[in-house]
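Written out below as structure tokens is the structure these notes cover.
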Amino acid sequence: MDYFDRISADIKAAMLAKDRVRLETLRGIKKEFLEAKTAKGGDGSLSDETAVKIMTKMVKQRKETAEIYNSQNRPELRDNELAEAAVIEEYLPKQLSEEELTEELKKIIAQTGATSAKEMGKVMGVASKALAGKADGKAIAAKVKELLA
């Protein structure tokens, strides 16, 4: 079952369970998926890779918004954003641990032949594609910088 079908089925389950936060979040995901499917230049389909990118972006947006609400002392709004982020994260691939990320990046650095921080861009290009959805971009960049230093 692809992500689109899975989200659609889970919307029905959330309706039956009367889980408002989950329902609204899943409807938001489905809306983004439909927009991606019908985007100009698209072929009317949605690959799992694209779906993961969309959901990763949505989680990032929710967390950034939660930080803003936290700085403005609005805990009720912050908690709602974090709850939505948690629902979306359930559909994302398991995130790599610190050790797993280091190992993967060491392999990529060896593969690209990078030896200094000047070649970080080359490593980041490969790492971003290889680890998409499995690790945060900031975490990847920080670890690559550390390993090349």
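Following the order of the structure tokens, chains are lettered A, B, ..., residues in each are numbered from 1, and ligands are numbered from 1.
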How close does range 17-67 of chain A get to range 91-95 of chain A? List, as CSV, each residue of range 17-67 of chain A within 12 Å, its nearest atom pair and the distance in Å to one decimal, counting only C-alpha atoms.
residue,atom,partner,partner_atom,distance
A:Thr25,CA,A:Tyr91,CA,11.7
A:Leu26,CA,A:Tyr91,CA,10.3
A:Ile29,CA,A:Tyr91,CA,10.4
A:Asp48,CA,A:Leu92,CA,10.3
A:Glu49,CA,A:Leu92,CA,10.5
A:Thr50,CA,A:Leu92,CA,11.7
A:Ala51,CA,A:Leu92,CA,9.2
A:Val52,CA,A:Leu92,CA,6.3
A:Lys53,CA,A:Leu92,CA,9.3
A:Ile54,CA,A:Leu92,CA,10.1
A:Met55,CA,A:Leu92,CA,7.2
A:Thr56,CA,A:Leu92,CA,7.4
A:Lys57,CA,A:Leu92,CA,11.0
A:Met58,CA,A:Leu92,CA,11.0
A:Val59,CA,A:Leu92,CA,9.6
Nearby residues (only C-alpha atoms) at most 9 Å from Thr102 in chain A, same-chain spacing under 4 positions excluded, as a PyMOL selection string
chain A and resi 97-98+106-107+140+143-144+147
Taking into account only C-alpha atoms, which residue in the set A:Arg78, A:Glu90, A:Gln61, A:Lys122 is nearest to Ala110 in chain A?
A:Lys122
Show me, as an NGL selection string, the residues that have an atom within 8 Å of Ser116 in chain A when counting only C-alpha atoms, minus same-chain residues fewer than 4 positions from it.
:A and (120 or 148-149)
Just to be explicit: take each residue in the selection above, keep N, CA and C atoms, and write the result as a PDB file, in the first residue's frame.
ATOM      1  N   MET A 120      33.126  19.587   1.097  1.00  0.00           N
ATOM      2  CA  MET A 120      31.891  19.300   1.819  1.00  0.00           C
ATOM      3  C   MET A 120      30.687  19.275   0.875  1.00  0.00           C
ATOM      4  N   LEU A 148      34.969  15.876   8.256  1.00  0.00           N
ATOM      5  CA  LEU A 148      35.966  16.398   7.305  1.00  0.00           C
ATOM      6  C   LEU A 148      36.960  17.346   7.949  1.00  0.00           C
ATOM      7  N   ALA A 149      36.672  17.778   9.165  1.00  0.00           N
ATOM      8  CA  ALA A 149      37.577  18.732   9.830  1.00  0.00           C
ATOM      9  C   ALA A 149      38.872  18.068  10.271  1.00  0.00           C
TER      10      ALA A 149
END
Backbone-only DSSP, helix (DSSP H, G or I) members of chain A, as a ChimeraX atom specification
/A:3-17,20-37,48-71,75-89,98-112,117-130,137-148
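Proximity to Lys12 in chain A was assessed for A:Arg27, A:Lys37, A:Arg62, A:Arg74 counting only C-alpha atoms; the smallest distance is recorded for A:Arg27.
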Go through A:Glu104, A:Glu146, A:Glu81, A:Asp5 one by one, measure the shortest atom-to-atom distance of each to Ser128 in chain A using only C-alpha atoms, and give the residue with the smallest value.
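When distances to Ser128 in chain A are compared using only C-alpha atoms, the smallest one comes from A:Glu104.
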In Å, rounded to a single decimal, give me how far CA of Ala141 in chain A is from CA of Asn80 in chain A.
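According to the coordinates, CA of Asn80 in chain A and CA of Ala141 in chain A are separated by 29.1 Å.
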In Å, rounded to a single decimal, give me how far CA of Ile88 in chain A is from CA of Asp10 in chain A.
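For CA of Asp10 in chain A relative to CA of Ile88 in chain A, the distance reads 11.8 Å.
Using only C-alpha atoms for every distance, the candidate list A:Lys40, A:Arg22, A:Lys31, A:Lys60 yields A:Arg22 as the residue closest to Glu84 in chain A.
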Non-local contacts of Ser45 in chain A (10 Å; only C-alpha atoms; under 6 positions in same chain excluded) as a list in words
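Answer for this query is Phe4, Phe33, Leu34, Ala36, Lys37, Thr38 and Ala39 of chain A.
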